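The structure appears below as structure tokens.
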Amino acid sequence: MTLTCVHDLQPKRYIHSFIGEIIRCYPLSMALVGDEPMPVRHVVLSDCSGWIRVKLWGQDALDAARGQCIQIHNVWCYQKQGGLWLSVGRQSRLMFRTQP
């Protein structure tokens, strides 16, 4: 699987593989998914070409911490308020790593 860097991201596309370091964690919030509340957290990931905002859900939102490296597979890229975002969904796979 080929890694995608921030510089190459485009909206309305699935990204097969991305690795970045969490450089900012926003406060945890809750969102309704169906009728159930689910934790959600916005983080900022950085790689050698730039940074991007990422929306994490469920246990991933709870586990996220600044300085961690994340490897994500099958993530959706979208545009919001003029910037690009990645959203980790049910079909995504996410792994936390403590070192790059």
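Here, A, B, ... name the chains of the structure tokens in the order displayed, residue numbers run from 1 inside each chain, and ligands are numbered from 1 in the same displayed order.
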>> At a cut-off of 9 Å, using only C-alpha atoms, what residues contact Ser17 (chain A)? Leave out same-chain residues fewer than 3 positions from it and give the result as a list in words.
In response: Met1, Thr2, Leu3, Thr4, Cys5, Gln71, Ile72, His73, Asn74 and Val75 of chain A
May I have the selected residues written with N, CA and C atoms, as a tab-separated table (two decimals), in the first residue's frame?
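Wrote it out as part-v9.tsv, contents follow:
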chain	number	residue	atom	x	y	z
A	1	MET	N	0.83	-1.18	0.00
A	1	MET	CA	0.00	0.00	0.00
A	1	MET	C	0.88	1.25	0.00
A	2	THR	N	0.60	2.17	-0.85
A	2	THR	CA	1.38	3.40	-0.96
A	2	THR	C	0.91	4.42	0.07
A	3	LEU	N	1.87	5.02	0.78
A	3	LEU	CA	1.55	6.07	1.73
A	3	LEU	C	1.23	7.36	0.99
A	4	THR	N	0.26	8.09	1.50
A	4	THR	CA	-0.08	9.41	0.97
A	4	THR	C	0.42	10.45	1.95
A	5	CYS	N	1.02	11.53	1.47
A	5	CYS	CA	1.45	12.61	2.35
A	5	CYS	C	0.43	13.75	2.27
A	71	GLN	N	-0.99	5.56	12.29
A	71	GLN	CA	-1.05	5.01	10.94
A	71	GLN	C	-2.51	4.70	10.66
A	72	ILE	N	-3.04	5.28	9.58
A	72	ILE	CA	-4.45	5.12	9.24
A	72	ILE	C	-4.56	4.50	7.85
A	73	HIS	N	-5.46	3.54	7.72
A	73	HIS	CA	-5.77	2.93	6.43
A	73	HIS	C	-7.25	3.16	6.13
A	74	ASN	N	-7.57	3.45	4.87
A	74	ASN	CA	-8.95	3.65	4.41
A	74	ASN	C	-9.66	4.77	5.15
A	75	VAL	N	-9.13	5.96	5.00
A	75	VAL	CA	-9.70	7.14	5.65
A	75	VAL	C	-10.27	8.07	4.58
>> I'd like the neighbourhood of Val40 (chain A) as a PyMOL selection string, where a residue qualifies if any of its atoms comes within 12 Å (using only C-alpha atoms), though same-chain residues fewer than 5 positions away should be ignored.
In response: chain A and resi 25-33+54-64+87-89
Keeping only N, CA and C atoms, write those residues as a PDB file, in the first residue's frame.
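Produced file again14.pdb, reproduced below:
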ATOM      1  N   CYS A  25      -4.185  18.140  20.104  1.00  0.00           N
ATOM      2  CA  CYS A  25      -5.412  17.423  20.467  1.00  0.00           C
ATOM      3  C   CYS A  25      -6.408  18.446  21.003  1.00  0.00           C
ATOM      4  N   TYR A  26      -7.583  18.461  20.435  1.00  0.00           N
ATOM      5  CA  TYR A  26      -8.647  19.322  20.934  1.00  0.00           C
ATOM      6  C   TYR A  26      -9.447  18.573  21.988  1.00  0.00           C
ATOM      7  N   PRO A  27     -10.205  19.281  22.807  1.00  0.00           N
ATOM      8  CA  PRO A  27     -10.981  18.614  23.860  1.00  0.00           C
ATOM      9  C   PRO A  27     -11.963  17.580  23.292  1.00  0.00           C
ATOM     10  N   LEU A  28     -12.185  16.557  24.072  1.00  0.00           N
ATOM     11  CA  LEU A  28     -13.125  15.492  23.729  1.00  0.00           C
ATOM     12  C   LEU A  28     -14.551  16.039  23.790  1.00  0.00           C
ATOM     13  N   SER A  29     -15.386  15.626  22.842  1.00  0.00           N
ATOM     14  CA  SER A  29     -16.799  15.977  22.885  1.00  0.00           C
ATOM     15  C   SER A  29     -17.609  14.717  22.587  1.00  0.00           C
ATOM     16  N   MET A  30     -18.910  14.849  22.622  1.00  0.00           N
ATOM     17  CA  MET A  30     -19.788  13.696  22.360  1.00  0.00           C
ATOM     18  C   MET A  30     -20.700  14.042  21.185  1.00  0.00           C
ATOM     19  N   ALA A  31     -20.969  13.032  20.369  1.00  0.00           N
ATOM     20  CA  ALA A  31     -21.877  13.183  19.236  1.00  0.00           C
ATOM     21  C   ALA A  31     -22.832  12.003  19.241  1.00  0.00           C
ATOM     22  N   LEU A  32     -24.030  12.204  18.721  1.00  0.00           N
ATOM     23  CA  LEU A  32     -24.989  11.106  18.617  1.00  0.00           C
ATOM     24  C   LEU A  32     -24.750  10.342  17.318  1.00  0.00           C
ATOM     25  N   VAL A  33     -24.583   9.048  17.449  1.00  0.00           N
ATOM     26  CA  VAL A  33     -24.475   8.154  16.298  1.00  0.00           C
ATOM     27  C   VAL A  33     -25.652   7.195  16.417  1.00  0.00           C
ATOM     28  N   VAL A  54      -7.912  15.943  11.682  1.00  0.00           N
ATOM     29  CA  VAL A  54      -8.465  14.584  11.627  1.00  0.00           C
ATOM     30  C   VAL A  54      -9.560  14.463  12.675  1.00  0.00           C
ATOM     31  N   LYS A  55     -10.660  13.824  12.298  1.00  0.00           N
ATOM     32  CA  LYS A  55     -11.758  13.567  13.227  1.00  0.00           C
ATOM     33  C   LYS A  55     -11.684  12.096  13.642  1.00  0.00           C
ATOM     34  N   LEU A  56     -11.509  11.871  14.955  1.00  0.00           N
ATOM     35  CA  LEU A  56     -11.437  10.515  15.504  1.00  0.00           C
ATOM     36  C   LEU A  56     -12.710  10.218  16.289  1.00  0.00           C
ATOM     37  N   TRP A  57     -13.148   8.965  16.231  1.00  0.00           N
ATOM     38  CA  TRP A  57     -14.396   8.539  16.869  1.00  0.00           C
ATOM     39  C   TRP A  57     -14.136   7.419  17.866  1.00  0.00           C
ATOM     40  N   GLY A  58     -15.030   7.285  18.849  1.00  0.00           N
ATOM     41  CA  GLY A  58     -15.037   6.149  19.768  1.00  0.00           C
ATOM     42  C   GLY A  58     -13.757   6.030  20.580  1.00  0.00           C
ATOM     43  N   GLN A  59     -13.279   4.794  20.712  1.00  0.00           N
ATOM     44  CA  GLN A  59     -12.090   4.524  21.525  1.00  0.00           C
ATOM     45  C   GLN A  59     -10.862   5.242  20.987  1.00  0.00           C
ATOM     46  N   ASP A  60     -10.781   5.408  19.666  1.00  0.00           N
ATOM     47  CA  ASP A  60      -9.651   6.135  19.083  1.00  0.00           C
ATOM     48  C   ASP A  60      -9.607   7.576  19.591  1.00  0.00           C
ATOM     49  N   ALA A  61     -10.765   8.197  19.739  1.00  0.00           N
ATOM     50  CA  ALA A  61     -10.831   9.560  20.267  1.00  0.00           C
ATOM     51  C   ALA A  61     -10.348   9.601  21.716  1.00  0.00           C
ATOM     52  N   LEU A  62     -10.666   8.574  22.478  1.00  0.00           N
ATOM     53  CA  LEU A  62     -10.242   8.513  23.875  1.00  0.00           C
ATOM     54  C   LEU A  62      -8.742   8.253  24.006  1.00  0.00           C
ATOM     55  N   ASP A  63      -8.176   7.470  23.099  1.00  0.00           N
ATOM     56  CA  ASP A  63      -6.768   7.060  23.179  1.00  0.00           C
ATOM     57  C   ASP A  63      -5.788   8.087  22.624  1.00  0.00           C
ATOM     58  N   ALA A  64      -6.246   9.047  21.856  1.00  0.00           N
ATOM     59  CA  ALA A  64      -5.361  10.005  21.180  1.00  0.00           C
ATOM     60  C   ALA A  64      -4.647  10.903  22.179  1.00  0.00           C
ATOM     61  N   SER A  87     -11.448  11.863   8.003  1.00  0.00           N
ATOM     62  CA  SER A  87     -12.400  11.304   8.953  1.00  0.00           C
ATOM     63  C   SER A  87     -12.204   9.795   9.021  1.00  0.00           C
ATOM     64  N   VAL A  88     -11.907   9.323  10.211  1.00  0.00           N
ATOM     65  CA  VAL A  88     -11.729   7.897  10.445  1.00  0.00           C
ATOM     66  C   VAL A  88     -13.112   7.298  10.647  1.00  0.00           C
ATOM     67  N   GLY A  89     -13.497   6.347   9.800  1.00  0.00           N
ATOM     68  CA  GLY A  89     -14.823   5.747   9.864  1.00  0.00           C
ATOM     69  C   GLY A  89     -14.789   4.274  10.211  1.00  0.00           C
TER      70      GLY A  89
END
> When distances are computed from only C-alpha atoms, which of A:Arg53, A:Asp47, A:Ile19, A:Arg24 shows the smallest separation from Gly82 (chain A)?
Replying inline: A:Arg53
>> If you run DSSP on the backbone here, which positions in chain A get strand (DSSP E)? Please write them as a VMD selection string.
In response: chain A and resid 13 to 25 29 to 33 36 to 47 50 to 57 69 to 80 83 to 87 93 to 97
If you run DSSP on this backbone, which residues of chain A come out as helix (DSSP H, G or I), and could you give them as a compact mmCIF listing (two decimals) with N, CA and C atoms, in the first residue's frame?
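Saved to result-v2.txt:
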# COMPACT_ATOMS: atom_id res chain seq x y z
N VAL A 6 0.49 14.64 3.24
CA VAL A 6 -0.47 15.75 3.31
C VAL A 6 -0.49 16.54 2.01
N HIS A 7 0.66 16.79 1.44
CA HIS A 7 0.77 17.57 0.21
C HIS A 7 -0.06 16.98 -0.94
N ASP A 8 -0.24 15.67 -0.96
CA ASP A 8 -0.94 14.99 -2.06
C ASP A 8 -2.42 14.75 -1.80
N GLY A 58 -15.03 7.28 18.85
CA GLY A 58 -15.04 6.15 19.77
C GLY A 58 -13.76 6.03 20.58
N GLN A 59 -13.28 4.79 20.71
CA GLN A 59 -12.09 4.52 21.52
C GLN A 59 -10.86 5.24 20.99
N ASP A 60 -10.78 5.41 19.67
CA ASP A 60 -9.65 6.14 19.08
C ASP A 60 -9.61 7.58 19.59
N ALA A 61 -10.77 8.20 19.74
CA ALA A 61 -10.83 9.56 20.27
C ALA A 61 -10.35 9.60 21.72
N LEU A 62 -10.67 8.57 22.48
CA LEU A 62 -10.24 8.51 23.88
C LEU A 62 -8.74 8.25 24.01
N ASP A 63 -8.18 7.47 23.10
CA ASP A 63 -6.77 7.06 23.18
C ASP A 63 -5.79 8.09 22.62
> With distances taken over only C-alpha atoms, which of A:Trp51, A:Leu45, A:Gly67, A:Phe96 is nearest to Gly20 (chain A)?
Replying inline: A:Leu45
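Taking CA of Glu21 (chain A) and CA of Gln81 (chain A) as the two end points, the separation is 22.9 Å.
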